[in-house]
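Peer 1: What follows is target_3.cif; its format and atoms are mmCIF, C-alpha atoms.
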data_start
#
loop_
_atom_site.label_atom_id
_atom_site.label_comp_id
_atom_site.auth_asym_id
_atom_site.auth_seq_id
_atom_site.Cartn_x
_atom_site.Cartn_y
_atom_site.Cartn_z
CA MET R 14 5.14 -24.31 6.91
CA LYS R 15 6.67 -21.87 9.42
CA TYR R 16 8.72 -20.28 6.62
CA LYS R 17 5.60 -19.90 4.48
CA VAL R 18 3.87 -18.02 7.30
CA LEU R 19 6.90 -15.75 7.73
CA PHE R 20 6.97 -15.12 3.98
CA ILE R 21 3.28 -14.17 3.96
CA VAL R 22 3.77 -11.78 6.87
CA ALA R 23 6.89 -10.26 5.29
CA LEU R 24 5.12 -9.83 1.95
CA ALA R 25 2.10 -8.24 3.58
CA PHE R 26 4.36 -5.92 5.56
CA SER R 27 6.12 -4.84 2.37
CA VAL R 28 2.87 -3.61 0.85
CA PHE R 29 2.99 -0.38 2.78
CA ALA R 30 5.96 -0.32 5.11
CA GLY R 31 8.33 -0.89 2.20
CA CYS R 32 8.14 2.72 1.09
CA GLU R 33 10.50 2.95 -1.83
CA TYR R 34 10.48 6.53 -3.06
CA GLU R 35 11.80 9.80 -1.66
CA SER R 36 9.37 11.89 -3.70
CA PRO R 37 5.70 11.43 -4.54
CA LEU R 38 4.54 10.55 -8.03
CA THR R 39 2.22 13.54 -7.61
CA ASN R 40 1.07 15.78 -4.77
CA GLU R 41 -2.34 16.39 -6.35
CA HIS R 42 -5.19 14.69 -4.56
CA ASN R 43 -8.62 15.73 -5.72
CA ILE R 44 -10.11 12.27 -6.34
CA PRO R 45 -12.61 11.13 -3.68
CA VAL R 46 -11.71 8.18 -1.47
CA ASP R 47 -13.37 4.84 -2.21
CA SER R 48 -15.65 4.11 0.75
CA ALA R 49 -15.68 0.41 -0.20
CA VAL R 50 -12.10 0.01 1.10
CA LEU R 51 -12.70 1.68 4.45
CA GLY R 52 -12.65 -0.54 7.53
CA LEU R 53 -10.63 -3.25 9.19
CA TRP R 54 -8.94 -5.82 6.95
CA GLU R 55 -6.73 -8.85 7.50
CA THR R 56 -4.45 -10.76 5.18
CA VAL R 57 -6.04 -13.75 3.46
CA GLN R 58 -5.18 -17.10 4.98
CA ASP R 59 -4.58 -19.79 2.38
CA ASN R 60 -5.19 -22.75 4.73
CA SER R 61 -6.01 -23.59 8.34
CA GLU R 62 -2.35 -24.18 9.28
CA THR R 63 -1.60 -20.47 9.01
CA ALA R 64 -4.64 -19.38 11.03
CA GLY R 65 -3.82 -16.70 13.57
CA SER R 66 -0.84 -15.35 11.64
CA SER R 67 -2.65 -12.68 9.65
CA GLU R 68 -1.75 -9.02 9.69
CA LYS R 69 -4.50 -6.45 10.18
CA MET R 70 -4.86 -3.13 8.40
CA LEU R 71 -7.25 -0.31 9.29
CA VAL R 72 -8.24 2.10 6.51
CA LEU R 73 -10.05 5.27 7.59
CA LYS R 74 -11.34 8.29 5.72
CA TYR R 75 -9.19 11.25 6.78
CA SER R 76 -10.75 13.74 4.37
CA ASP R 77 -12.85 13.55 1.23
CA THR R 78 -9.66 12.86 -0.76
CA GLU R 79 -7.35 11.17 1.78
CA TYR R 80 -7.10 7.92 3.70
CA LEU R 81 -5.41 7.28 7.03
CA VAL R 82 -3.96 3.76 7.08
CA HIS R 83 -2.74 1.95 10.20
CA TYR R 84 -0.70 -1.12 9.23
CA PRO R 85 0.12 -3.56 10.62
CA ILE R 86 -1.92 -3.20 13.77
CA GLY R 87 0.30 -4.01 16.75
CA ASP R 88 3.62 -3.04 18.32
CA GLU R 89 5.34 -2.56 14.95
CA ALA R 90 2.62 -0.28 13.55
CA PHE R 91 3.09 2.26 10.80
CA TYR R 92 0.78 5.11 9.86
CA PHE R 93 0.23 6.30 6.32
CA ARG R 94 -1.56 9.05 4.46
CA GLY R 95 -2.95 7.75 1.21
CA TYR R 96 -4.70 9.54 -1.60
CA PRO R 97 -6.21 8.32 -4.87
CA ILE R 98 -4.38 9.53 -7.96
CA LYS R 99 -4.69 9.06 -11.69
CA ILE R 100 -1.58 9.18 -13.86
CA GLY R 101 -2.48 8.97 -17.52
CA ASN R 102 -5.39 6.55 -17.50
CA ILE R 103 -4.11 4.50 -14.54
CA SER R 104 -5.83 4.85 -11.17
CA CYS R 105 -3.77 4.08 -8.10
CA VAL R 106 -3.08 5.35 -4.59
CA GLN R 107 -0.08 7.42 -3.50
CA VAL R 108 0.91 6.33 0.02
CA GLN R 109 3.05 8.47 2.32
CA LEU R 110 4.62 7.15 5.51
CA ILE R 111 3.81 9.65 8.27
CA GLY R 112 4.84 7.82 11.43
CA ASP R 113 5.44 4.60 13.27
CA ALA R 114 4.60 3.13 16.67
CA ASN R 115 7.19 5.48 18.18
CA GLY R 116 5.48 8.50 16.66
CA ASP R 117 7.84 9.49 13.87
CA ILE R 118 10.07 8.34 11.05
CA LYS R 119 13.76 8.81 10.43
CA LYS R 120 14.57 11.62 8.05
CA GLU R 121 16.59 9.32 5.78
CA GLU R 122 13.75 6.80 5.34
CA ARG R 123 12.01 6.73 2.00
CA LYS R 124 8.52 8.04 2.50
CA TYR R 125 6.38 7.16 -0.50
CA GLN R 126 4.92 4.13 -2.23
CA VAL R 127 2.39 3.82 -5.02
CA VAL R 128 -0.09 0.96 -4.91
CA SER R 129 -2.93 -0.32 -7.03
CA TYR R 130 -5.89 -2.12 -5.59
CA GLU R 131 -8.77 -4.23 -6.75
CA LEU R 132 -11.82 -5.13 -4.71
CA SER R 133 -13.45 -8.32 -5.95
CA ASN R 134 -15.56 -11.04 -4.31
CA GLY R 135 -14.97 -9.55 -0.87
CA GLU R 136 -11.18 -9.55 -1.26
CA LEU R 137 -9.00 -6.47 -1.44
CA GLU R 138 -5.86 -7.12 -3.50
CA ILE R 139 -3.07 -4.58 -3.17
CA LYS R 140 -0.01 -4.45 -5.44
CA THR R 141 3.04 -2.20 -5.21
CA LEU R 142 4.71 -0.22 -7.96
CA ASN R 143 7.49 -2.26 -9.57
CA THR R 144 10.82 -0.59 -8.74
CA ASP R 145 12.48 -2.43 -11.63
CA LEU R 146 10.28 -0.44 -14.01
CA VAL R 147 10.05 2.81 -12.03
CA ASN R 148 13.45 3.14 -10.41
CA LYS R 149 13.33 3.93 -6.70
CA ASP R 150 16.47 6.06 -7.04
CA LEU R 151 14.69 8.68 -9.15
CA LYS R 152 14.50 11.64 -6.79
CA GLU R 153 12.21 14.05 -8.63
CA SER R 154 8.47 13.64 -9.08
CA ASN R 155 8.57 14.60 -12.77
CA LYS R 156 11.16 11.88 -13.49
CA LEU R 157 9.09 9.34 -11.57
CA ARG R 158 5.99 10.26 -13.61
CA LYS R 159 7.97 10.00 -16.84
CA ALA R 160 9.20 6.48 -15.94
CA PHE R 161 5.68 5.53 -14.82
CA MET R 162 4.16 6.71 -18.11
CA LYS R 163 6.86 4.96 -20.13
CA ASN R 164 5.81 1.66 -18.51
CA ARG R 165 2.06 2.26 -18.21
CA GLY R 166 1.23 -0.56 -20.65
CA ASN R 167 3.42 -3.12 -18.91
CA VAL R 168 1.35 -5.76 -17.08
CA GLU R 169 4.11 -5.91 -14.46
CA LEU R 170 3.87 -2.21 -13.55
CA PHE R 171 2.36 -3.28 -10.23
CA GLN R 172 3.56 -6.45 -8.50
CA ASN R 173 3.68 -8.43 -5.25
CA PRO R 174 -0.05 -8.88 -4.69
CA VAL R 175 -1.27 -9.22 -1.12
CA LYS R 176 -4.90 -10.09 -0.48
CA PHE R 177 -7.01 -8.92 2.43
CA VAL R 178 -10.50 -9.79 3.60
CA ARG R 179 -12.71 -7.64 5.76
CA CYS R 180 -12.54 -8.57 9.45
CA MET R 181 -15.79 -10.02 10.64
CA LYS R 182 -17.59 -8.41 13.57
CA LYS R 183 -17.83 -10.64 16.61
#
Give the structure from this file in structure tokens form.

Peer 2:
Amino acid sequence: MKYKVLFIVALAFSVFAGCEYESPLTNEHNIPVDSAVLGLWETVQDNSETAGSSEKMLVLKYSDTEYLVHYPIGDEAFYFRGYPIKIGNISCVQVQLIGDANGDIKKEERKYQVVSYELSNGELEIKTLNTDLVNKDLKESNKLRKAFMKNRGNVELFQNPVKFVRCMKK
């Protein structure tokens, strides 16, 4: 069971901290943020044996078109700028790593990730862009968009779902 907990934490961590791309899919961000995803969230626990092992994520409105995401909350925290985008007919969120618990990121670190999300029955499910379909070694935004559009109909375009529930007020 200990390995299952570690896997859940590692998977949740990879949602944002696993920034895969050196360039953004797009820099445009004129779509309003979704107020339904703002707030404090924690990873879904699948049974009582993993209680207390959840990761927390805080999503704040930074501007009308940008989020500020703090994840995971704790000593190993990362900070992200996120903005809703639409490529073709697919809505998603471009996420940019802007700092860590030490205040910055290494220049050589990849800085971007693209995620999709779905909010249903009080759960927020986040999936990351599949690097097997949109190669993480593509360095230019226009090539990333081209690979994204080529695979837009593939049901595996986004993968590795991690579910969150809103933290309850005490």

Peer 1: Would you kindly translate the PyMOL selection byres ((chain R and resi 91) around 12) into the concrete residues it picks from this file, as an MDAnalysis selection string?

Peer 2: chainID R and resid 26:32 69:71 81:90 92:94 108:118 124

Peer 1: Could you state the separation of CA of Ser76 in chain R and CA of Val46 in chain R in Å, given to one decimal place?

Peer 2: 8.1 Å

Peer 1: Do you have the CA of Met181 in chain R-CA of Glu138 in chain R distance handy?

Peer 2: 17.5 Å

Peer 1: Report as a list in words the residues that result from applying the PyMOL selection byres ((chain R and resi 173) around 6) to the structure here.

Peer 2: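 Taken on the displayed file, the PyMOL selection byres ((chain R and resi 173) around 6) yields the residues Lys140, Gln172 and Pro174 of chain R.
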
Peer 1: Identify all residues satisfying the PyMOL selection byres ((chain R and resi 54) around 6) in the given file; provide them as a compact mmCIF listing (two decimals) with C-alpha atoms, keeping the file's coordinate frame.

Peer 2:
# COMPACT_ATOMS: atom_id res chain seq x y z
CA LEU R 53 -10.63 -3.25 9.19
CA GLU R 55 -6.73 -8.85 7.50
CA LYS R 69 -4.50 -6.45 10.18
CA MET R 70 -4.86 -3.13 8.40
CA PHE R 177 -7.01 -8.92 2.43
CA VAL R 178 -10.50 -9.79 3.60
CA ARG R 179 -12.71 -7.64 5.76
CA CYS R 180 -12.54 -8.57 9.45

Peer 1: If I only want range 144-182 of chain R, can you write it with C-alpha atoms, as a PDB file, in the first residue's frame?

Peer 2:
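The resulting result-v9.pdb:
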ATOM      1  CA  THR R 144       4.403  13.776 -25.111  1.00  0.00           C
ATOM      2  CA  ASP R 145       4.267  10.660 -27.290  1.00  0.00           C
ATOM      3  CA  LEU R 146       1.838  12.494 -29.566  1.00  0.00           C
ATOM      4  CA  VAL R 147       3.212  16.031 -29.182  1.00  0.00           C
ATOM      5  CA  ASN R 148       6.943  15.535 -28.865  1.00  0.00           C
ATOM      6  CA  LYS R 149       8.517  17.411 -25.965  1.00  0.00           C
ATOM      7  CA  ASP R 150      11.668  17.988 -28.030  1.00  0.00           C
ATOM      8  CA  LEU R 151       9.874  20.299 -30.463  1.00  0.00           C
ATOM      9  CA  LYS R 152      11.364  23.678 -29.628  1.00  0.00           C
ATOM     10  CA  GLU R 153       9.173  26.082 -31.596  1.00  0.00           C
ATOM     11  CA  SER R 154       5.589  26.993 -30.772  1.00  0.00           C
ATOM     12  CA  ASN R 155       4.427  26.668 -34.389  1.00  0.00           C
ATOM     13  CA  LYS R 156       5.777  23.091 -34.585  1.00  0.00           C
ATOM     14  CA  LEU R 157       4.107  22.239 -31.276  1.00  0.00           C
ATOM     15  CA  ARG R 158       0.773  23.580 -32.558  1.00  0.00           C
ATOM     16  CA  LYS R 159       1.157  21.618 -35.790  1.00  0.00           C
ATOM     17  CA  ALA R 160       1.768  18.358 -33.863  1.00  0.00           C
ATOM     18  CA  PHE R 161      -1.124  19.193 -31.519  1.00  0.00           C
ATOM     19  CA  MET R 162      -3.503  19.789 -34.431  1.00  0.00           C
ATOM     20  CA  LYS R 163      -2.351  16.614 -36.183  1.00  0.00           C
ATOM     21  CA  ASN R 164      -3.419  14.627 -33.103  1.00  0.00           C
ATOM     22  CA  ARG R 165      -6.470  16.658 -32.052  1.00  0.00           C
ATOM     23  CA  GLY R 166      -8.859  13.756 -32.736  1.00  0.00           C
ATOM     24  CA  ASN R 167      -6.834  11.227 -30.752  1.00  0.00           C
ATOM     25  CA  VAL R 168      -8.561  10.260 -27.490  1.00  0.00           C
ATOM     26  CA  GLU R 169      -5.105   9.895 -25.925  1.00  0.00           C
ATOM     27  CA  LEU R 170      -4.067  13.503 -26.647  1.00  0.00           C
ATOM     28  CA  PHE R 171      -4.314  14.154 -22.912  1.00  0.00           C
ATOM     29  CA  GLN R 172      -3.315  11.466 -20.410  1.00  0.00           C
ATOM     30  CA  ASN R 173      -2.381  10.685 -16.802  1.00  0.00           C
ATOM     31  CA  PRO R 174      -5.559  11.876 -15.089  1.00  0.00           C
ATOM     32  CA  VAL R 175      -5.283  13.127 -11.532  1.00  0.00           C
ATOM     33  CA  LYS R 176      -8.440  13.937  -9.601  1.00  0.00           C
ATOM     34  CA  PHE R 177      -8.854  16.644  -7.000  1.00  0.00           C
ATOM     35  CA  VAL R 178     -11.678  17.554  -4.652  1.00  0.00           C
ATOM     36  CA  ARG R 179     -12.244  20.933  -3.086  1.00  0.00           C
ATOM     37  CA  CYS R 180     -10.842  21.188   0.440  1.00  0.00           C
ATOM     38  CA  MET R 181     -13.579  21.515   2.987  1.00  0.00           C
ATOM     39  CA  LYS R 182     -13.612  24.495   5.330  1.00  0.00           C
TER      40      LYS R 182
END
